[in-house]
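Asker: Input: one structure, supplied below.
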Amino acid sequence: MDVDELDQHLLHQFSCLGTTDKDDLVKQLQKVLAGNQLNETAAAFFLDMNNWNLQAAICSYFDFESTYKLPCMTLICDSTIGEGEAVPPNTKFRKSWRVQNSGTEPWPEGVCLSYTGGVPMGECIRVSVPCLPPKDTIELSVDLTSPATTGTFQSKWRMMTQNGSYFGDIIWVIISVSESGTLALTQQLNLLSTSQSNDDQMC
């Protein structure tokens with residue numbers, strides 16, 4: 001998308017706002033570029049680079065997008081042990097996914113899997129991801145804690161570059177929390193079984 005395609009009247013309105021509130025400018029830039037899913041960090045970066053001039057930041061963003069190709073990521077499957085089982089309230093568990101670098105270039109340094117919305121589950125909001133060659137796959141895991149109340153909960157995660165640009169498929173965490181949930185127990189038993197198997201091989 002070229003900046004010339006944007007509604008010129010909308011651009012004029014924003015340039016005449018005269019606001020000096022940086023948080024407000026970040027929100028305005030995100031609103032104009034809503035279809036590009038620009039996060040707060042990236043929006044602040046483009047505004048700061050342009051002395052907090054909204055129109056100049058919009059132009060810089062499209063200049064950047066035209067010369068910088070985002071990485072690619074495809075979600076292959078959910079590989080969580082015990083997937084589909086309910087989780088007891090306030091219990092630690094692990095979600096895992098198999099993903100692929102579906103592009104033609106290796107993932108750059110600083111890529112991570114980042115929490116972007118929904119119900120927060122524990123303190124983990126970002127997981128570092130290694131540089132992955134084209135067409136290779138990797139398993140990504142996030143250690144989470146289930147909410148304290150029962151019900152169905154979801155959160156959204158996305159791959160993110162070092163400068164704050166999202167790319168690839170959206171990864172959803174959707175869990176059922178129940179007092180009779182067994183997911184955490186299943187994962188612990190699997191870990192114990194794997195550890196025992198490894199010990200046997202070493203003997």
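Naming scheme: A, B, ... for chains in displayed order of the structure tokens; residues 1 onward per chain; ligands 1 onward as shown.
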For Ser102 in chain A, find every residue with an atom within 8 Å (counting only C-alpha atoms), except residues of its own chain fewer than 3 positions away, and show them as a list in words.

Answerer: Cys72, Met73, Thr74, Pro134, Lys135 and Asp136 of chain A

Asker: Hey, what's within 10 Å of Tyr115 in chain A if we count only C-alpha atoms and toss same-chain stuff fewer than 6 positions away? As a tab-separated table (two decimals) with all heavy atoms, in the first residue's frame, please?

Answerer:
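Produced file part17.tsv, reproduced below:
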chain	number	residue	atom	x	y	z
A	121	MET	N	-1.91	-15.00	31.09
A	121	MET	CA	-1.82	-16.23	31.87
A	121	MET	C	-0.41	-16.36	32.44
A	121	MET	O	0.49	-16.88	31.80
A	121	MET	CB	-2.17	-17.45	31.01
A	121	MET	CG	-3.57	-17.40	30.41
A	121	MET	SD	-3.99	-18.87	29.46
A	121	MET	CE	-5.43	-18.31	28.55
A	124	CYS	N	4.78	-14.75	31.90
A	124	CYS	CA	5.47	-14.85	30.61
A	124	CYS	C	4.70	-14.11	29.52
A	124	CYS	O	3.54	-14.42	29.25
A	124	CYS	CB	5.64	-16.32	30.22
A	124	CYS	SG	6.51	-16.55	28.66
A	125	ILE	N	5.35	-13.12	28.91
A	125	ILE	CA	4.71	-12.39	27.81
A	125	ILE	C	5.57	-12.40	26.55
A	125	ILE	O	5.16	-11.90	25.51
A	125	ILE	CB	4.41	-10.92	28.20
A	125	ILE	CG1	5.69	-10.20	28.60
A	125	ILE	CG2	3.37	-10.86	29.31
A	125	ILE	CD1	5.53	-8.70	28.75
A	126	ARG	N	6.76	-12.98	26.63
A	126	ARG	CA	7.65	-12.98	25.47
A	126	ARG	C	8.64	-14.14	25.57
A	126	ARG	O	9.18	-14.41	26.64
A	126	ARG	CB	8.39	-11.65	25.40
A	126	ARG	CG	9.10	-11.39	24.09
A	126	ARG	CD	9.52	-9.94	23.99
A	126	ARG	NE	8.36	-9.06	23.92
A	126	ARG	CZ	8.43	-7.74	23.99
A	126	ARG	NH1	9.59	-7.14	24.16
A	126	ARG	NH2	7.33	-7.00	23.91
A	127	VAL	N	8.85	-14.83	24.45
A	127	VAL	CA	9.78	-15.95	24.40
A	127	VAL	C	10.75	-15.73	23.24
A	127	VAL	O	10.31	-15.54	22.10
A	127	VAL	CB	9.04	-17.30	24.21
A	127	VAL	CG1	10.04	-18.44	24.07
A	127	VAL	CG2	8.09	-17.56	25.37
A	155	SER	N	-5.92	-16.35	24.79
A	155	SER	CA	-4.98	-15.24	24.60
A	155	SER	C	-4.34	-15.39	23.24
A	155	SER	O	-4.33	-16.48	22.66
A	155	SER	CB	-3.91	-15.21	25.71
A	155	SER	OG	-3.11	-16.37	25.68
A	156	LYS	N	-3.82	-14.28	22.72
A	156	LYS	CA	-3.28	-14.24	21.37
A	156	LYS	C	-1.78	-13.96	21.42
A	156	LYS	O	-1.32	-13.09	22.15
A	156	LYS	CB	-4.00	-13.16	20.55
A	156	LYS	CG	-3.59	-13.11	19.09
A	156	LYS	CD	-4.50	-12.22	18.27
A	156	LYS	CE	-4.33	-10.76	18.62
A	156	LYS	NZ	-5.03	-9.85	17.68
A	157	TRP	N	-1.03	-14.71	20.63
A	157	TRP	CA	0.43	-14.56	20.55
A	157	TRP	C	0.83	-14.41	19.09
A	157	TRP	O	0.20	-14.98	18.19
A	157	TRP	CB	1.11	-15.79	21.14
A	157	TRP	CG	0.89	-15.94	22.62
A	157	TRP	CD1	-0.29	-16.28	23.24
A	157	TRP	CD2	1.84	-15.75	23.67
A	157	TRP	NE1	-0.12	-16.30	24.60
A	157	TRP	CE2	1.18	-15.99	24.89
A	157	TRP	CE3	3.20	-15.41	23.68
A	157	TRP	CZ2	1.82	-15.90	26.11
A	157	TRP	CZ3	3.84	-15.31	24.90
A	157	TRP	CH2	3.16	-15.55	26.11
A	158	ARG	N	1.91	-13.62	18.85
A	158	ARG	CA	2.40	-13.44	17.48
A	158	ARG	C	3.92	-13.37	17.47
A	158	ARG	O	4.55	-12.95	18.45
A	158	ARG	CB	1.83	-12.17	16.85
A	158	ARG	CG	0.31	-12.20	16.66
A	158	ARG	CD	-0.12	-11.29	15.55
A	158	ARG	NE	0.36	-11.74	14.25
A	158	ARG	CZ	0.17	-11.08	13.12
A	158	ARG	NH1	-0.45	-9.93	13.13
A	158	ARG	NH2	0.63	-11.55	11.97
A	159	MET	N	4.48	-13.76	16.35
A	159	MET	CA	5.92	-13.58	16.15
A	159	MET	C	6.17	-12.09	15.93
A	159	MET	O	5.37	-11.39	15.29
A	159	MET	CB	6.39	-14.38	14.94
A	159	MET	CG	6.24	-15.89	15.09
A	159	MET	SD	7.36	-16.57	16.33
A	159	MET	CE	8.91	-16.49	15.44
A	160	MET	N	7.31	-11.61	16.46
A	160	MET	CA	7.62	-10.18	16.38
A	160	MET	C	9.11	-9.97	16.12
A	160	MET	O	9.95	-10.66	16.70
A	160	MET	CB	7.21	-9.49	17.68
A	160	MET	CG	7.34	-7.98	17.67
A	160	MET	SD	6.67	-7.20	19.17
A	160	MET	CE	7.93	-7.64	20.36
A	171	ILE	N	-1.08	-17.12	16.76
A	171	ILE	CA	-1.10	-18.32	17.60
A	171	ILE	C	-2.05	-18.05	18.77
A	171	ILE	O	-1.89	-17.10	19.52
A	171	ILE	CB	0.32	-18.65	18.13
A	171	ILE	CG1	1.20	-19.11	16.96
A	171	ILE	CG2	0.26	-19.71	19.21
A	171	ILE	CD1	2.62	-19.46	17.37
A	172	TRP	N	-3.05	-18.92	18.90
A	172	TRP	CA	-4.05	-18.77	19.95
A	172	TRP	C	-3.80	-19.77	21.08
A	172	TRP	O	-3.48	-20.93	20.83
A	172	TRP	CB	-5.46	-19.01	19.41
A	172	TRP	CG	-5.93	-17.92	18.50
A	172	TRP	CD1	-5.88	-17.90	17.13
A	172	TRP	CD2	-6.53	-16.68	18.88
A	172	TRP	NE1	-6.40	-16.73	16.64
A	172	TRP	CE2	-6.81	-15.96	17.69
A	172	TRP	CE3	-6.85	-16.10	20.11
A	172	TRP	CZ2	-7.40	-14.70	17.70
A	172	TRP	CZ3	-7.44	-14.85	20.13
A	172	TRP	CH2	-7.71	-14.16	18.94
A	173	VAL	N	-3.93	-19.28	22.30
A	173	VAL	CA	-3.97	-20.17	23.47
A	173	VAL	C	-5.43	-20.18	23.92
A	173	VAL	O	-5.97	-19.16	24.33
A	173	VAL	CB	-3.08	-19.64	24.61
A	173	VAL	CG1	-3.25	-20.52	25.86
A	173	VAL	CG2	-1.62	-19.62	24.20

Asker: Within 10 Å of Leu33 in chain A, counting only C-alpha atoms, which residues qualify if same-chain residues fewer than 4 places away don't, as a list in words?

Answerer: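 Those residues are Leu6, Lys27, Gln28, Leu29, Gln37, Leu38, Asn39, Ala43, Ile58, Tyr61 and Phe62 of chain A.
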
Asker: Tell me which of A:Val32, A:Val26, A:Ala57, A:Val142 sits closest to Asp78 in chain A, counting only C-alpha atoms.

Answerer: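 Result for the nearest residue to Asp78 in chain A: A:Val142.
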
Asker: Which residue is closest to Pro106 in chain A? Choose from A:Ile170, A:Leu70, A:Ala56, A:Met49 and count only C-alpha atoms.

Answerer: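 For Pro106 in chain A, the nearest of the candidates is A:Leu70.
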
Asker: Which residues, written as a ChimeraX atom specification, have at least one atom at most 12 Å from Asn163 in chain A, with only C-alpha atoms counted and residues fewer than 4 positions away on the same chain left out?

Answerer: /A:38-46,64,68,70,108-112,159,167

Asker: Using the selection just defined, write its residues with N, CA, C and O atoms as a compact mmCIF listing (two decimals), in the first residue's frame.

Answerer:
# COMPACT_ATOMS: atom_id res chain seq x y z
N LEU A 38 0.28 -2.29 13.69
CA LEU A 38 1.47 -1.68 14.26
C LEU A 38 1.32 -1.63 15.78
O LEU A 38 0.35 -1.09 16.29
N ASN A 39 2.29 -2.19 16.52
CA ASN A 39 2.17 -2.15 17.98
C ASN A 39 2.70 -0.83 18.53
O ASN A 39 3.25 -0.01 17.79
N GLU A 40 2.53 -0.62 19.83
CA GLU A 40 2.89 0.66 20.45
C GLU A 40 4.37 0.97 20.32
O GLU A 40 4.77 2.11 20.07
N THR A 41 5.21 -0.06 20.50
CA THR A 41 6.66 0.15 20.43
C THR A 41 7.07 0.63 19.05
O THR A 41 7.85 1.58 18.90
N ALA A 42 6.55 -0.04 18.01
CA ALA A 42 6.89 0.34 16.64
C ALA A 42 6.33 1.72 16.30
O ALA A 42 7.00 2.52 15.64
N ALA A 43 5.12 2.02 16.75
CA ALA A 43 4.51 3.33 16.48
C ALA A 43 5.35 4.44 17.12
O ALA A 43 5.62 5.47 16.50
N ALA A 44 5.77 4.21 18.36
CA ALA A 44 6.61 5.20 19.05
C ALA A 44 7.95 5.38 18.34
O ALA A 44 8.49 6.49 18.25
N PHE A 45 8.49 4.27 17.79
CA PHE A 45 9.76 4.33 17.07
C PHE A 45 9.65 5.25 15.85
O PHE A 45 10.49 6.13 15.64
N PHE A 46 8.61 5.07 15.04
CA PHE A 46 8.45 5.88 13.83
C PHE A 46 8.15 7.34 14.16
O PHE A 46 8.61 8.25 13.47
N PHE A 64 9.63 2.47 4.87
CA PHE A 64 10.26 1.32 5.53
C PHE A 64 9.67 0.01 5.01
O PHE A 64 10.40 -0.92 4.67
N TYR A 68 11.77 -3.03 3.38
CA TYR A 68 12.06 -4.07 4.36
C TYR A 68 11.01 -5.17 4.28
O TYR A 68 9.83 -4.93 4.52
N LEU A 70 9.23 -8.37 5.68
CA LEU A 70 9.07 -9.07 6.95
C LEU A 70 9.32 -10.57 6.78
O LEU A 70 9.09 -11.13 5.71
N PRO A 108 15.67 -13.10 11.29
CA PRO A 108 16.76 -12.24 11.79
C PRO A 108 16.97 -12.39 13.29
O PRO A 108 16.16 -13.02 13.99
N GLU A 109 18.04 -11.82 13.77
CA GLU A 109 18.32 -11.81 15.22
C GLU A 109 17.22 -11.03 15.94
O GLU A 109 16.66 -10.07 15.40
N GLY A 110 16.93 -11.43 17.16
CA GLY A 110 15.99 -10.68 17.99
C GLY A 110 14.54 -11.03 17.83
O GLY A 110 13.67 -10.39 18.42
N VAL A 111 14.22 -12.06 17.02
CA VAL A 111 12.82 -12.47 16.83
C VAL A 111 12.31 -13.12 18.12
O VAL A 111 13.04 -13.83 18.81
N CYS A 112 11.04 -12.88 18.43
CA CYS A 112 10.45 -13.51 19.62
C CYS A 112 8.98 -13.80 19.38
O CYS A 112 8.36 -13.28 18.45
N MET A 159 4.48 -13.76 16.35
CA MET A 159 5.92 -13.58 16.15
C MET A 159 6.17 -12.09 15.93
O MET A 159 5.37 -11.39 15.29
N PHE A 167 4.64 -10.63 12.44
CA PHE A 167 4.61 -11.38 11.19
C PHE A 167 4.10 -12.79 11.43
O PHE A 167 4.12 -13.30 12.55

Asker: Would you list the contacts of Glu83 in chain A as a list in words, taking every protein, DNA or RNA residue within 10 Å and counting only C-alpha atoms, but skipping same-chain residues closer than 6 positions in sequence?

Answerer: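 My reading of the contact set: Arg94, Lys95, Ser96, Ile175, Leu183, Thr186 and Gln187 of chain A.
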
Asker: List as a PDB file with N, CA and C atoms, in the first residue's frame the protein and nucleic acid residues near Pro89 in chain A, meaning an atom at most 10 Å away when only C-alpha atoms are counted, but skip any in the same chain fewer than 3 places from it.

Answerer:
ATOM      1  N   ALA A  86      -8.623 -30.276  30.188  1.00  0.00           N
ATOM      2  CA  ALA A  86      -8.836 -29.081  31.000  1.00  0.00           C
ATOM      3  C   ALA A  86      -7.671 -28.888  31.974  1.00  0.00           C
ATOM      4  N   LYS A  92       0.280 -24.198  36.791  1.00  0.00           N
ATOM      5  CA  LYS A  92       1.261 -24.021  35.730  1.00  0.00           C
ATOM      6  C   LYS A  92       1.139 -25.137  34.702  1.00  0.00           C
ATOM      7  N   THR A 145       0.288 -19.962  33.385  1.00  0.00           N
ATOM      8  CA  THR A 145      -0.460 -20.308  34.595  1.00  0.00           C
ATOM      9  C   THR A 145      -1.939 -20.054  34.320  1.00  0.00           C
ATOM     10  N   SER A 146      -2.769 -21.046  34.582  1.00  0.00           N
ATOM     11  CA  SER A 146      -4.197 -20.914  34.305  1.00  0.00           C
ATOM     12  C   SER A 146      -4.845 -19.886  35.233  1.00  0.00           C
ATOM     13  N   PRO A 147      -5.916 -19.228  34.770  1.00  0.00           N
ATOM     14  CA  PRO A 147      -6.641 -18.275  35.625  1.00  0.00           C
ATOM     15  C   PRO A 147      -7.176 -18.958  36.886  1.00  0.00           C
ATOM     16  N   ALA A 148      -7.474 -18.151  37.885  1.00  0.00           N
ATOM     17  CA  ALA A 148      -7.923 -18.687  39.175  1.00  0.00           C
ATOM     18  C   ALA A 148      -9.379 -19.130  39.157  1.00  0.00           C
ATOM     19  N   THR A 149     -10.133 -18.739  38.125  1.00  0.00           N
ATOM     20  CA  THR A 149     -11.542 -19.107  38.036  1.00  0.00           C
ATOM     21  C   THR A 149     -11.767 -20.101  36.910  1.00  0.00           C
ATOM     22  N   THR A 150     -12.844 -20.847  36.988  1.00  0.00           N
ATOM     23  CA  THR A 150     -13.151 -21.843  35.960  1.00  0.00           C
ATOM     24  C   THR A 150     -13.808 -21.173  34.755  1.00  0.00           C
ATOM     25  N   GLY A 151     -13.741 -21.844  33.610  1.00  0.00           N
ATOM     26  CA  GLY A 151     -14.311 -21.310  32.377  1.00  0.00           C
ATOM     27  C   GLY A 151     -13.379 -21.522  31.203  1.00  0.00           C
ATOM     28  N   SER A 176      -9.565 -24.609  28.688  1.00  0.00           N
ATOM     29  CA  SER A 176     -10.714 -24.796  29.566  1.00  0.00           C
ATOM     30  C   SER A 176     -10.171 -25.019  30.974  1.00  0.00           C
ATOM     31  N   VAL A 177     -10.641 -24.227  31.913  1.00  0.00           N
ATOM     32  CA  VAL A 177     -10.195 -24.344  33.306  1.00  0.00           C
ATOM     33  C   VAL A 177     -11.302 -25.013  34.118  1.00  0.00           C
ATOM     34  N   SER A 178     -10.940 -26.132  34.755  1.00  0.00           N
ATOM     35  CA  SER A 178     -11.909 -26.916  35.519  1.00  0.00           C
ATOM     36  C   SER A 178     -11.238 -27.473  36.771  1.00  0.00           C
ATOM     37  N   GLU A 179     -12.021 -27.588  37.846  1.00  0.00           N
ATOM     38  CA  GLU A 179     -11.491 -28.151  39.097  1.00  0.00           C
ATOM     39  C   GLU A 179     -11.001 -29.584  38.888  1.00  0.00           C
ATOM     40  N   SER A 180     -11.581 -30.274  37.915  1.00  0.00           N
ATOM     41  CA  SER A 180     -11.198 -31.671  37.661  1.00  0.00           C
ATOM     42  C   SER A 180     -10.190 -31.802  36.515  1.00  0.00           C
ATOM     43  N   GLY A 181      -9.594 -30.670  36.104  1.00  0.00           N
ATOM     44  CA  GLY A 181      -8.647 -30.686  34.986  1.00  0.00           C
ATOM     45  C   GLY A 181      -7.416 -31.541  35.268  1.00  0.00           C
TER      46      GLY A 181
END

Asker: Could you jot down the CA of Arg98 in chain A to CA of Leu191 in chain A separation for me, Å, one decimal place?

Answerer: 18.6 Å

Asker: Could you pull out the strand (DSSP E) residues of range 92-178 of chain A, going by DSSP on the backbone, and write them as a ChimeraX atom specification?

Answerer: /A:92-100,112-118,126-128,137-145,151-160,166-177

Asker: Quick one, how far is CA of Pro71 in chain A from CA of Trp97 in chain A?

Answerer: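 Atom-to-atom, CA of Pro71 in chain A and CA of Trp97 in chain A are spaced 18.0 Å apart.
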
Asker: So which bits of range 20-117 of chain A end up helix (DSSP H, G or I) when you DSSP the backbone, as a compact mmCIF listing (two decimals) with C-alpha atoms, in the first residue's frame?

Answerer:
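Below you can see selection39.txt, which holds the result:
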# COMPACT_ATOMS: atom_id res chain seq x y z
CA LYS A 22 2.96 11.30 22.87
CA ASP A 23 0.57 8.56 24.00
CA ASP A 24 -2.19 10.19 21.94
CA LEU A 25 0.08 10.42 18.89
CA VAL A 26 0.94 6.71 19.23
CA LYS A 27 -2.79 5.86 19.30
CA GLN A 28 -3.46 8.10 16.29
CA LEU A 29 -0.69 6.45 14.26
CA GLN A 30 -1.99 3.00 15.19
CA LYS A 31 -5.48 4.09 14.12
CA VAL A 32 -4.31 5.30 10.70
CA ALA A 34 -4.84 -0.21 11.78
CA GLY A 35 -4.67 -2.70 8.91
CA ASN A 36 -0.91 -3.03 9.41
CA GLU A 40 2.89 0.66 20.45
CA THR A 41 6.66 0.15 20.43
CA ALA A 42 6.89 0.34 16.64
CA ALA A 43 4.51 3.33 16.48
CA ALA A 44 6.61 5.20 19.05
CA PHE A 45 9.76 4.33 17.07
CA PHE A 46 8.45 5.88 13.83
CA LEU A 47 7.10 8.95 15.63
CA ASP A 48 10.31 9.54 17.57
CA MET A 49 12.34 9.15 14.37
CA LEU A 54 2.33 12.21 12.65
CA GLN A 55 2.23 12.72 8.89
CA ALA A 56 6.01 12.32 8.56
CA ALA A 57 5.84 9.13 10.66
CA ILE A 58 3.19 7.68 8.32
CA CYS A 59 5.39 8.40 5.29
CA SER A 60 8.42 6.88 7.02
CA TYR A 61 6.45 3.76 7.85
CA PHE A 62 5.48 3.16 4.22
CA ASP A 63 9.02 3.91 3.03
CA PHE A 64 10.26 1.32 5.53
CA GLU A 65 7.68 -1.28 4.48
CA SER A 66 8.56 -0.87 0.80
CA THR A 67 12.23 -1.66 1.42

Asker: Interatomic distance between CA of Ile76 in chain A and CA of Pro133 in chain A?

Answerer: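 Interatomic distance, CA of Ile76 in chain A to CA of Pro133 in chain A: 15.9 Å.
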